[in-house]
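Structure file model-v9.txt (compact mmCIF, C-alpha atoms and all ligand atoms) is printed below.
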```
# COMPACT_ATOMS: atom_id res chain seq x y z
CA MET V 29 -135.12 -27.47 65.47
CA LYS V 30 -134.59 -29.12 62.06
CA HIS V 31 -132.68 -26.00 60.85
CA PHE V 32 -130.60 -25.96 64.00
CA ILE V 33 -129.51 -29.60 63.50
CA THR V 34 -128.66 -28.99 59.80
CA ALA V 35 -126.67 -25.85 60.67
CA SER V 36 -124.77 -27.74 63.40
CA ILE V 37 -123.92 -30.63 61.07
CA LEU V 38 -122.68 -28.19 58.40
CA THR V 39 -120.55 -26.33 60.95
CA ILE V 40 -118.96 -29.58 62.19
CA VAL V 41 -118.26 -30.80 58.63
CA GLY V 42 -116.79 -27.39 57.77
CA LEU V 43 -114.57 -27.50 60.84
CA ILE V 44 -113.30 -30.99 59.99
CA LEU V 45 -112.58 -29.93 56.39
CA PHE V 46 -110.69 -26.88 57.62
CA ILE V 47 -108.53 -28.96 59.98
CA PHE V 48 -107.73 -31.44 57.19
CA TYR V 49 -106.91 -28.62 54.75
CA ASP V 50 -104.73 -26.81 57.22
CA ASN V 51 -102.70 -29.95 57.82
CA GLY V 52 -102.23 -30.51 54.13
CA TYR V 53 -104.27 -33.71 53.95
CA LEU V 54 -106.61 -32.38 51.30
CA PHE V 55 -105.67 -32.04 47.64
CA HIS V 56 -102.41 -33.91 48.39
CA GLU V 57 -100.82 -30.69 49.44
CA GLN V 58 -97.59 -31.49 51.25
CA LYS V 59 -96.49 -29.14 53.94
CA ILE V 60 -92.77 -28.66 54.44
CA THR V 61 -92.10 -29.40 58.05
CA ALA V 62 -89.83 -26.82 59.61
CA ASP V 63 -87.73 -27.37 62.67
CA GLU V 64 -85.34 -25.26 64.72
CA GLU V 65 -82.46 -25.87 62.31
CA GLN V 66 -84.53 -24.76 59.37
CA ASN V 67 -85.34 -21.24 60.42
CA GLY V 68 -83.97 -19.91 57.15
CA LEU V 69 -86.13 -22.26 55.11
CA LYS V 70 -87.69 -19.48 53.11
CA ASP V 71 -84.18 -18.50 51.96
CA GLN V 72 -83.34 -22.04 50.95
CA ILE V 73 -81.74 -22.36 47.50
CA ILE V 74 -83.13 -25.17 45.37
CA ILE V 75 -81.05 -26.79 42.63
CA HIS V 76 -83.16 -28.79 40.20
CA PHE V 77 -80.92 -31.57 38.85
CA SER V 78 -82.29 -33.48 35.86
CA HIS V 79 -80.86 -36.69 34.39
CA VAL V 80 -82.06 -39.55 32.19
CA VAL V 81 -80.94 -42.79 33.79
CA ALA V 82 -82.44 -44.97 36.51
CA GLU V 83 -81.84 -44.12 40.16
CA ASN V 84 -80.00 -47.37 40.73
CA THR V 85 -77.07 -46.51 38.43
CA PRO V 86 -73.69 -44.83 38.96
CA LYS V 87 -75.08 -41.48 37.81
CA GLY V 88 -78.40 -41.83 39.63
CA LEU V 89 -76.76 -42.74 42.93
CA ALA V 90 -74.00 -40.14 42.61
CA ALA V 91 -76.64 -37.46 42.06
CA GLN V 92 -78.39 -38.61 45.22
CA LYS V 93 -75.12 -38.70 47.16
CA PHE V 94 -74.27 -35.20 45.93
CA SER V 95 -77.69 -33.99 47.05
CA GLU V 96 -77.14 -35.38 50.57
CA LEU V 97 -73.64 -33.92 50.82
CA VAL V 98 -74.73 -30.48 49.65
CA TYR V 99 -77.53 -30.41 52.22
CA GLU V 100 -75.11 -31.47 54.95
CA LYS V 101 -72.27 -29.12 54.01
CA THR V 102 -74.52 -26.08 53.62
CA ASN V 103 -76.53 -26.86 56.77
CA GLY V 104 -79.68 -27.15 54.71
CA ARG V 105 -79.26 -23.81 52.93
CA VAL V 106 -79.07 -25.58 49.59
CA LYS V 107 -81.32 -28.43 48.56
CA VAL V 108 -80.59 -30.45 45.42
CA GLN V 109 -83.80 -31.88 44.01
CA VAL V 110 -82.94 -34.81 41.71
CA TYR V 111 -85.20 -35.81 38.78
CA PRO V 112 -84.10 -39.20 37.33
CA ASN V 113 -85.27 -41.30 34.36
CA GLY V 114 -85.79 -38.32 32.05
CA ILE V 115 -89.03 -37.48 33.90
CA LEU V 116 -88.38 -33.78 33.30
CA TYR V 117 -86.27 -33.73 30.15
CA SER V 118 -84.82 -36.31 27.76
CA ASP V 119 -81.16 -36.17 26.76
CA ASN V 120 -82.24 -34.33 23.61
CA ASP V 121 -83.67 -31.36 25.47
CA GLU V 122 -81.92 -31.21 28.86
CA LEU V 123 -79.21 -28.87 27.60
CA GLU V 124 -81.77 -26.37 26.34
CA ALA V 125 -83.57 -26.59 29.68
CA LEU V 126 -80.30 -25.84 31.48
CA LYS V 127 -79.53 -22.87 29.26
CA ALA V 128 -83.06 -21.52 29.74
CA GLY V 129 -82.65 -21.86 33.50
CA ASP V 130 -85.57 -24.29 33.76
CA VAL V 131 -83.21 -26.60 35.63
CA GLN V 132 -79.93 -25.61 37.23
CA MET V 133 -77.96 -28.82 36.81
CA ILE V 134 -77.64 -31.71 34.35
CA ALA V 135 -75.18 -34.56 33.77
CA PRO V 136 -75.26 -35.47 30.07
CA SER V 137 -72.87 -37.98 28.59
CA PHE V 138 -69.88 -36.16 27.12
CA THR V 139 -70.82 -37.75 23.77
CA ASN V 140 -74.04 -35.76 23.77
CA MET V 141 -72.01 -32.58 24.17
CA THR V 142 -69.42 -33.11 21.42
CA ASN V 143 -71.28 -30.83 19.02
CA ILE V 144 -70.80 -28.00 21.46
CA VAL V 145 -67.41 -29.01 22.86
CA PRO V 146 -65.59 -30.70 19.95
CA GLN V 147 -62.49 -31.38 22.09
CA TRP V 148 -64.53 -33.96 24.02
CA LYS V 149 -64.56 -36.19 20.93
CA VAL V 150 -61.26 -37.64 22.13
CA LEU V 151 -63.07 -39.22 25.07
CA ASP V 152 -65.14 -41.32 22.65
CA LEU V 153 -62.18 -42.89 20.87
CA PRO V 154 -62.50 -46.68 21.10
CA PHE V 155 -59.94 -48.48 23.27
CA LEU V 156 -58.33 -45.22 24.41
CA PHE V 157 -58.91 -46.01 28.08
CA GLN V 158 -57.23 -49.12 29.48
CA ASP V 159 -59.01 -49.67 32.78
CA ASP V 160 -61.06 -47.98 35.51
CA ASP V 161 -58.01 -46.44 37.19
CA HIS V 162 -57.08 -44.86 33.90
CA ILE V 163 -60.57 -43.32 33.62
CA LYS V 164 -60.28 -41.98 37.16
CA ARG V 165 -56.86 -40.44 36.59
CA VAL V 166 -58.02 -38.64 33.47
CA PHE V 167 -61.44 -37.54 34.74
CA THR V 168 -60.21 -36.25 38.09
CA GLY V 169 -56.79 -34.99 36.98
CA GLU V 170 -55.37 -32.10 34.96
CA THR V 171 -56.71 -33.36 31.63
CA GLY V 172 -60.21 -33.59 33.06
CA GLU V 173 -59.89 -30.04 34.35
CA GLN V 174 -58.67 -28.82 30.98
CA LEU V 175 -61.57 -30.54 29.21
CA LEU V 176 -64.13 -29.14 31.64
CA GLY V 177 -62.64 -25.69 31.16
CA TYR V 178 -63.87 -25.61 27.54
CA LEU V 179 -67.37 -25.18 28.93
CA ASN V 180 -66.54 -21.73 30.31
CA GLU V 181 -66.48 -20.31 26.78
CA ARG V 182 -70.02 -21.63 26.35
CA GLU V 183 -71.39 -19.97 29.46
CA MET V 184 -71.69 -23.17 31.42
CA LYS V 185 -69.87 -24.23 34.53
CA GLY V 186 -68.47 -27.78 34.53
CA LEU V 187 -68.17 -29.16 38.04
CA ALA V 188 -66.82 -32.65 37.34
CA PHE V 189 -66.75 -35.69 35.13
CA TRP V 190 -68.52 -38.77 36.46
CA SER V 191 -68.04 -42.28 35.16
CA ASN V 192 -70.35 -45.12 34.27
CA GLY V 193 -67.42 -47.33 33.24
CA PHE V 194 -66.93 -49.21 30.01
CA LYS V 195 -69.44 -49.81 27.23
CA GLN V 196 -70.19 -53.27 25.89
CA MET V 197 -71.76 -54.37 22.59
CA THR V 198 -75.12 -56.13 22.35
CA SER V 199 -77.09 -57.67 19.49
CA ASN V 200 -80.47 -59.25 18.89
CA SER V 201 -79.25 -61.89 16.44
CA HIS V 202 -75.68 -63.12 16.87
CA PRO V 203 -72.44 -62.75 18.88
CA LEU V 204 -70.34 -59.72 17.94
CA ILE V 205 -66.77 -60.97 17.96
CA GLU V 206 -65.11 -60.20 14.62
CA PRO V 207 -65.40 -56.81 12.89
CA GLU V 208 -67.31 -58.61 10.12
CA ASP V 209 -70.08 -59.48 12.61
CA PHE V 210 -71.19 -55.84 12.49
CA ALA V 211 -71.63 -55.72 8.71
CA GLY V 212 -75.06 -54.49 7.63
CA GLU V 213 -76.44 -54.32 11.19
CA THR V 214 -78.11 -51.22 12.62
CA PHE V 215 -76.91 -49.90 15.99
CA ARG V 216 -78.45 -47.35 18.30
CA ILE V 217 -75.91 -44.73 19.33
CA MET V 218 -75.83 -41.58 21.42
CA PRO V 219 -75.62 -38.55 19.14
CA GLY V 220 -71.89 -38.12 18.55
CA HIS V 221 -69.61 -37.98 15.53
CA VAL V 222 -67.01 -40.46 16.81
CA LEU V 223 -69.58 -43.10 17.70
CA LYS V 224 -71.15 -42.71 14.29
CA ARG V 225 -67.76 -43.22 12.61
CA GLN V 226 -66.93 -46.10 14.93
CA PHE V 227 -69.89 -48.08 13.58
CA TYR V 228 -69.32 -47.01 9.98
CA VAL V 229 -65.77 -48.37 10.00
CA LEU V 230 -67.20 -51.65 11.30
CA GLY V 231 -69.56 -51.74 8.31
CA ALA V 232 -72.67 -51.10 10.42
CA LYS V 233 -75.33 -48.42 10.26
CA PRO V 234 -75.61 -46.18 13.34
CA ILE V 235 -78.89 -44.57 14.31
CA SER V 236 -78.88 -41.96 17.05
CA THR V 237 -81.76 -41.86 19.53
CA ALA V 238 -82.37 -40.45 22.97
CA PHE V 239 -81.71 -42.81 25.85
CA THR V 240 -85.35 -42.61 26.86
CA GLU V 241 -86.25 -44.33 23.56
CA VAL V 242 -83.66 -47.10 23.55
CA PHE V 243 -85.80 -49.74 25.22
CA SER V 244 -88.68 -49.31 22.80
CA SER V 245 -86.44 -49.19 19.72
CA LEU V 246 -84.92 -52.52 20.77
CA GLU V 247 -88.32 -53.98 21.56
CA LYS V 248 -89.70 -52.91 18.17
CA GLN V 249 -86.48 -53.97 16.44
CA VAL V 250 -85.93 -50.52 14.96
CA VAL V 251 -82.26 -51.35 15.54
CA ASP V 252 -80.40 -54.67 15.75
CA GLY V 253 -77.95 -53.73 18.45
CA GLN V 254 -76.55 -51.06 20.72
CA GLU V 255 -73.58 -50.25 22.95
CA ASN V 256 -73.88 -49.39 26.62
CA THR V 257 -72.54 -50.06 30.09
CA ILE V 258 -73.60 -53.09 32.10
CA SER V 259 -75.40 -50.82 34.55
CA ASN V 260 -77.57 -49.25 31.83
CA ILE V 261 -78.17 -52.61 30.13
CA TYR V 262 -79.23 -54.08 33.47
CA SER V 263 -81.20 -51.21 35.02
CA LYS V 264 -83.21 -50.49 31.86
CA GLY V 265 -83.74 -54.17 31.01
CA LEU V 266 -82.11 -53.74 27.57
CA TYR V 267 -80.86 -57.35 27.74
CA GLN V 268 -84.44 -58.57 27.30
CA TYR V 269 -84.27 -57.86 23.57
CA GLN V 270 -80.52 -58.28 23.14
CA PRO V 271 -79.62 -61.89 23.88
CA TYR V 272 -75.95 -61.53 22.73
CA LEU V 273 -73.63 -59.44 24.83
CA THR V 274 -69.91 -58.99 24.13
CA LEU V 275 -67.72 -57.74 26.96
CA SER V 276 -65.62 -55.53 24.73
CA ASN V 277 -64.82 -52.61 27.04
CA HIS V 278 -64.29 -50.68 23.83
CA GLY V 279 -65.46 -47.26 24.97
CA VAL V 280 -66.19 -45.22 28.06
CA LEU V 281 -69.49 -43.73 29.11
CA GLY V 282 -68.85 -40.65 31.17
CA TYR V 283 -70.81 -37.57 32.15
CA ALA V 284 -70.06 -33.92 32.55
CA VAL V 285 -71.84 -32.49 35.57
CA ILE V 286 -72.85 -29.01 34.45
CA VAL V 287 -74.41 -26.00 36.16
CA ASN V 288 -76.12 -23.04 34.58
CA GLN V 289 -73.45 -20.31 34.70
CA GLU V 290 -75.77 -17.45 35.60
CA PHE V 291 -77.21 -19.46 38.46
CA TRP V 292 -73.71 -20.38 39.63
CA ASN V 293 -72.65 -16.72 39.60
CA SER V 294 -75.73 -15.80 41.59
CA LEU V 295 -74.87 -18.18 44.46
CA PRO V 296 -73.54 -16.59 47.66
CA GLN V 297 -69.70 -16.61 47.80
CA ASP V 298 -69.57 -18.91 50.82
CA ILE V 299 -71.89 -21.50 49.27
CA ARG V 300 -69.90 -22.22 46.12
CA PRO V 301 -66.88 -23.89 47.82
CA GLN V 302 -69.27 -26.03 49.86
CA ILE V 303 -70.96 -27.24 46.69
CA GLU V 304 -67.57 -27.85 45.07
CA ASP V 305 -66.50 -29.89 48.10
CA ALA V 306 -69.66 -31.97 47.86
CA MET V 307 -68.98 -32.50 44.17
CA LYS V 308 -65.37 -33.64 44.82
CA GLU V 309 -66.54 -36.14 47.40
CA SER V 310 -69.41 -37.49 45.32
CA THR V 311 -67.13 -37.77 42.26
CA LEU V 312 -64.64 -39.99 44.09
CA TRP V 313 -67.57 -41.98 45.45
CA ASN V 314 -68.99 -42.31 41.91
CA MET V 315 -65.67 -43.62 40.57
CA GLU V 316 -65.53 -46.43 43.16
CA MET V 317 -69.20 -47.23 43.00
CA SER V 318 -69.44 -47.39 39.19
CA VAL V 319 -66.75 -50.08 39.16
CA GLN V 320 -68.54 -52.09 41.86
CA MET V 321 -71.96 -51.63 40.34
CA ASN V 322 -70.95 -52.79 36.86
CA LYS V 323 -69.33 -55.86 38.44
CA THR V 324 -72.30 -56.77 40.61
CA GLN V 325 -74.82 -56.22 37.84
CA LEU V 326 -72.77 -58.30 35.41
CA GLU V 327 -73.14 -61.16 37.89
CA GLU V 328 -76.90 -60.55 37.83
CA LEU V 329 -76.88 -60.63 34.03
CA ARG V 330 -74.95 -63.91 34.09
CA LYS V 331 -77.96 -65.45 35.83
CA MET V 332 -80.28 -64.63 32.91
CA GLU V 333 -80.99 -67.84 31.08
CA ASN V 334 -81.47 -66.43 27.60
CA LEU V 335 -78.55 -64.07 27.65
CA HIS V 336 -75.28 -65.24 26.01
CA ILE V 337 -72.23 -63.38 27.29
CA TYR V 338 -68.87 -63.43 25.48
CA LYS V 339 -65.54 -61.85 26.29
CA LEU V 340 -63.83 -60.20 23.33
CA PRO V 341 -60.66 -62.27 22.69
CA ALA V 342 -57.34 -60.38 22.43
CA ASP V 343 -56.75 -61.31 18.78
CA ALA V 344 -60.24 -60.13 17.74
CA LYS V 345 -59.69 -56.94 19.73
CA ALA V 346 -56.52 -56.32 17.70
CA ARG V 347 -58.60 -56.62 14.52
CA TRP V 348 -61.16 -54.10 15.84
CA MET V 349 -58.32 -51.73 16.68
CA GLU V 350 -56.92 -52.05 13.17
CA ARG V 351 -60.31 -50.89 11.83
CA PHE V 352 -60.34 -47.93 14.22
CA LYS V 353 -56.95 -46.53 13.11
CA PRO V 354 -58.39 -44.08 10.54
CA LEU V 355 -60.78 -42.83 13.21
CA TYR V 356 -57.87 -41.92 15.47
CA ARG V 357 -56.20 -39.98 12.65
CA GLU V 358 -59.45 -38.16 11.94
CA VAL V 359 -60.04 -37.16 15.56
CA GLU V 360 -56.40 -36.09 15.91
CA GLN V 361 -56.89 -33.70 13.02
CA GLU V 362 -60.23 -32.42 14.26
CA THR V 363 -59.18 -31.84 17.87
CA ASP V 364 -55.85 -31.57 19.63
CA PRO V 365 -53.45 -34.52 19.20
CA GLU V 366 -51.81 -33.51 22.49
CA LEU V 367 -55.04 -34.28 24.31
CA ILE V 368 -54.95 -37.86 23.03
CA THR V 369 -51.29 -38.18 24.02
CA ALA V 370 -52.02 -36.76 27.47
CA ILE V 371 -54.78 -39.32 27.99
CA LYS V 372 -52.63 -42.19 26.75
CA GLU V 373 -49.82 -41.19 29.09
CA LYS V 374 -52.11 -41.49 32.08
CA ALA V 375 -52.61 -45.19 31.31
CA ALA V 376 -49.24 -46.23 32.65
CA GLN V 377 -49.24 -44.25 35.86
CA ASN V 378 -49.95 -45.41 39.36
CA SER V 379 -53.45 -44.39 40.50
CA GLN V 380 -51.98 -42.22 43.30
CA ASN V 381 -50.45 -39.84 40.74
C1 LIG T 401 -77.09 -43.32 26.61
O1 LIG T 401 -77.74 -42.51 25.92
O2 LIG T 401 -76.95 -44.51 26.32
C2 LIG T 401 -76.45 -42.81 27.86
O3 LIG T 401 -75.94 -41.52 27.63
C3 LIG T 401 -77.46 -42.69 28.94
C4 LIG T 401 -76.82 -42.20 30.18
O4 LIG T 401 -76.99 -41.02 30.50
O5 LIG T 401 -76.15 -43.02 30.83
```
So, in terms of structure tokens, how does the structure I just supplied come out?
Ligand code: LMR
Amino acid sequence: MKHFITASILTIVGLILFIFYDNGYLFHEQKITADEEQNGLKDQIIIHFSHVVAENTPKGLAAQKFSELVYEKTNGRVKVQVYPNGILYSDNDELEALKAGDVQMIAPSFTNMTNIVPQWKVLDLPFLFQDDDHIKRVFTGETGEQLLGYLNEREMKGLAFWSNGFKQMTSNSHPLIEPEDFAGETFRIMPGHVLKRQFYVLGAKPISTAFTEVFSSLEKQVVDGQENTISNIYSKGLYQYQPYLTLSNHGVLGYAVIVNQEFWNSLPQDIRPQIEDAMKESTLWNMEMSVQMNKTQLEELRKMENLHIYKLPADAKARWMERFKPLYREVEQETDPELITAIKEKAAQNSQN
């Protein structure tokens, strides 16, 4: 009798465990639920899309929007899995991961790519872009297309440029208004020749680090200051160690959305235009949203008691620009002067053009 009871208990426990396992409740296994529309689920194409910023940023949200649009336009045949915050790769190693096919899509800042695509240096020239419409016209127009085209020679497919708007200057010790305010200070930069030179001509010392390390290098005072957009300063809490912020709008932070070429070539013919459509739509959405987001988050920053915000006065801006003149000449020689002219020309046009 005793054996019978023990055997029955073991059978019941075993049965319960089996039911739990089969439903994916054990070992945190998650079952993909299939429905009628997902009959082809086993043929679903997954695009792993890695980036380094927070989800609540122009890049983070555009990646999410793109993912939704791709799913919709391909009727679920393609799923874009987004990995934010550098959880997979930092900005130092995402390009290698893309080339190796470990992820299929990344959106690095164009600065991070200037070693590979030297023509993109022009995009880092300080005060080249006048306003958000200017950025949009260049990024989504012929010049943007031409610039993206340089990736083809490097066996990568550029789908679009996204924007995070204008960069601002921050410091841990004093307001940055005159060029002399930069003298002797150390600044964190993205790895890029033009940004390095930009700080040298201001008399400062640039130190390049991955975005994933910026917060801790400010906290530990490895650097005195940095440049970034309002959305990155806000979403990563960089303002906590940088109580002086100058609204300088001196440079643009933009991203190239890049796909592994081999993967792109392997996609079915009918899928590619659907993905391109989704990219067009999410790019326009990104352009609008980045403007809004930087505005809203600036208002949030204005509420921070210990943060001092200054607007760069026009006469001081003229003095910064004077310092940057040799940098323009240098980049003109190193790249294509016509590219700079083409970008400048887009400043005056109506945004419909
Ligand atoms: C940075 O390194 O500051 C930016 O490139 C981060 C990003 O991707 O916005």
Within-8 Å residues of ligand LIG 401 (chain T), basis only C-alpha atoms and all ligand atoms, as a list in words: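 The neighbouring residues of ligand LIG 401 (chain T) are, in order, His79, Val80, Val81, Lys87, Asp119, Ala135, Pro136, Ser137, Thr139, Asn140, Asn192, Ile217, Met218, Thr237, Ala238, Phe239, Thr240, Val242, Glu255, Asn256, Thr257, Asn260, Leu281, Gly282 and Tyr283 of chain V.
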Spatial neighbours of Thr369 (chain V), max dist 12 Å, all atoms listed in the file, sep filter under 5 positions, as number ranges by chain: V: 150-151, 156-157, 166, 171, 356, 360, 363-364, 374-376
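Of the listed residues V:Ser191, V:Asn103, V:Ser244, V:Gln72, the one whose atoms come nearest to Glu316 (chain V) is V:Ser191, with distances taken using all atoms listed in the file.
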Residue neighbourhood Arg300 (chain V), 12 Å, all atoms listed in the file, exclusion window fewer than 3 positions, as a ChimeraX atom specification: /V:73,98,101-102,105-106,185,187,287,291-297,303-307
Nearby residues (all atoms listed in the file) at most 9 Å from Met317 (chain V), same-chain spacing under 6 positions excluded, as a ChimeraX atom specification: /V:86,89-90
Any chance you could export the current selection's C-alpha atoms as a PDB file, in the frame of the given file?
```pdb
ATOM      1  CA  PRO V  86     -73.690 -44.830  38.960  1.00  0.00           C
ATOM      2  CA  LEU V  89     -76.760 -42.740  42.930  1.00  0.00           C
ATOM      3  CA  ALA V  90     -74.000 -40.140  42.610  1.00  0.00           C
TER       4      ALA V  90
END
```
Output as JSON the centre and edge lengths (Å, one decimal) of the box along x, y and z of the file that holds every listed atom of region 336-339 of chain V after adding 3 Å on each side.
```
{"center_x": -70.4, "center_y": -63.5, "center_z": 26.4, "size_x": 15.7, "size_y": 9.4, "size_z": 7.8}
```
Separation of CA of Ile368 (chain V) from CA of Ala342 (chain V) in Å: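 Calculated distance between CA of Ala342 (chain V) and CA of Ile368 (chain V) is 22.7 Å.
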Nearest residue to Trp313 (chain V) from the set V:Gln92, V:Ser199, V:Gln270, V:Asn334 (distances using all atoms listed in the file):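 Among V:Gln92, V:Ser199, V:Gln270, V:Asn334, it is V:Gln92 that comes nearest to Trp313 (chain V).
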Close residues, Gly279 (chain V) itself excluded, 7 Å, only C-alpha atoms, min 6 positions apart in chain, as a list of chain:residue names: V:Asp152, V:Leu153, V:Pro154, V:Phe155, V:Phe194, V:Lys195
Spatial neighbours of Gly220 (chain V), 10 Å, all atoms listed in the file, chain gap at least 5 places, as JSON, numbers by chain: {"V": [138, 139, 140, 141, 142, 143, 146, 149, 152, 225, 236]}
Pick from V:Gly88, V:Pro301, V:Pro203, V:Pro271 nearest to Tyr111 (chain V), counting all atoms listed in the file: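 That would be V:Gly88, the residue with the smallest distance to Tyr111 (chain V).
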Nearest residue to Ile299 (chain V) from the set V:Leu223, V:Glu100, V:Met321, V:Leu275 (distances using all atoms listed in the file):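 Of the candidates, the smallest distance to Ile299 (chain V) is held by V:Glu100.
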Which of V:Val222, V:Leu175, V:Leu246, V:Ala211 sits closest to Pro354 (chain V) [using all atoms listed in the file]: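 Counting all atoms listed in the file, the residue closest to Pro354 (chain V) is V:Val222.
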Write region 237-254 of chain V as a CSV table (one decimal), in the coordinates of the input, completed to N, CA, C and O atoms.
```csv
chain,number,residue,atom,x,y,z
V,237,THR,N,-80.5,-42.1,18.9
V,237,THR,CA,-81.8,-41.9,19.5
V,237,THR,C,-81.5,-41.5,21.0
V,237,THR,O,-80.4,-41.8,21.5
V,238,ALA,N,-82.5,-40.8,21.6
V,238,ALA,CA,-82.4,-40.4,23.0
V,238,ALA,C,-82.4,-41.7,23.8
V,238,ALA,O,-83.0,-42.7,23.4
V,239,PHE,N,-81.8,-41.6,25.0
V,239,PHE,CA,-81.7,-42.8,25.8
V,239,PHE,C,-83.1,-43.3,26.3
V,239,PHE,O,-83.4,-44.5,26.4
V,240,THR,N,-84.0,-42.3,26.4
V,240,THR,CA,-85.4,-42.6,26.9
V,240,THR,C,-86.1,-43.5,25.8
V,240,THR,O,-87.2,-44.0,26.1
V,241,GLU,N,-85.6,-43.5,24.6
V,241,GLU,CA,-86.2,-44.3,23.6
V,241,GLU,C,-85.5,-45.6,23.2
V,241,GLU,O,-86.0,-46.4,22.4
V,242,VAL,N,-84.4,-45.9,23.9
V,242,VAL,CA,-83.7,-47.1,23.6
V,242,VAL,C,-84.5,-48.4,23.8
V,242,VAL,O,-84.5,-49.2,22.9
V,243,PHE,N,-85.1,-48.5,24.9
V,243,PHE,CA,-85.8,-49.7,25.2
V,243,PHE,C,-86.8,-50.0,24.1
V,243,PHE,O,-86.9,-51.1,23.6
V,244,SER,N,-87.6,-49.0,23.8
V,244,SER,CA,-88.7,-49.3,22.8
V,244,SER,C,-88.1,-49.5,21.4
V,244,SER,O,-88.6,-50.3,20.6
V,245,SER,N,-87.0,-48.9,21.1
V,245,SER,CA,-86.4,-49.2,19.7
V,245,SER,C,-85.8,-50.6,19.7
V,245,SER,O,-85.8,-51.2,18.6
V,246,LEU,N,-85.4,-51.1,20.8
V,246,LEU,CA,-84.9,-52.5,20.8
V,246,LEU,C,-86.1,-53.5,20.7
V,246,LEU,O,-86.1,-54.5,20.0
V,247,GLU,N,-87.1,-53.1,21.5
V,247,GLU,CA,-88.3,-54.0,21.6
V,247,GLU,C,-89.0,-54.1,20.2
V,247,GLU,O,-89.3,-55.2,19.7
V,248,LYS,N,-89.0,-52.9,19.5
V,248,LYS,CA,-89.7,-52.9,18.2
V,248,LYS,C,-88.7,-53.3,17.0
V,248,LYS,O,-89.1,-53.2,15.9
V,249,GLN,N,-87.5,-53.6,17.4
V,249,GLN,CA,-86.5,-54.0,16.4
V,249,GLN,C,-86.2,-52.9,15.4
V,249,GLN,O,-86.0,-53.2,14.2
V,250,VAL,N,-86.3,-51.6,15.8
V,250,VAL,CA,-85.9,-50.5,15.0
V,250,VAL,C,-84.4,-50.6,14.7
V,250,VAL,O,-83.9,-50.2,13.7
V,251,VAL,N,-83.7,-51.1,15.7
V,251,VAL,CA,-82.3,-51.4,15.5
V,251,VAL,C,-82.0,-52.8,15.9
V,251,VAL,O,-82.7,-53.4,16.7
V,252,ASP,N,-80.8,-53.3,15.4
V,252,ASP,CA,-80.4,-54.7,15.8
V,252,ASP,C,-79.6,-54.7,17.0
V,252,ASP,O,-79.6,-55.8,17.7
V,253,GLY,N,-78.8,-53.7,17.3
V,253,GLY,CA,-78.0,-53.7,18.4
V,253,GLY,C,-77.7,-52.4,19.0
V,253,GLY,O,-78.3,-51.4,18.6
V,254,GLN,N,-76.9,-52.3,20.1
V,254,GLN,CA,-76.6,-51.1,20.7
V,254,GLN,C,-75.3,-51.3,21.6
V,254,GLN,O,-74.8,-52.4,21.7
```
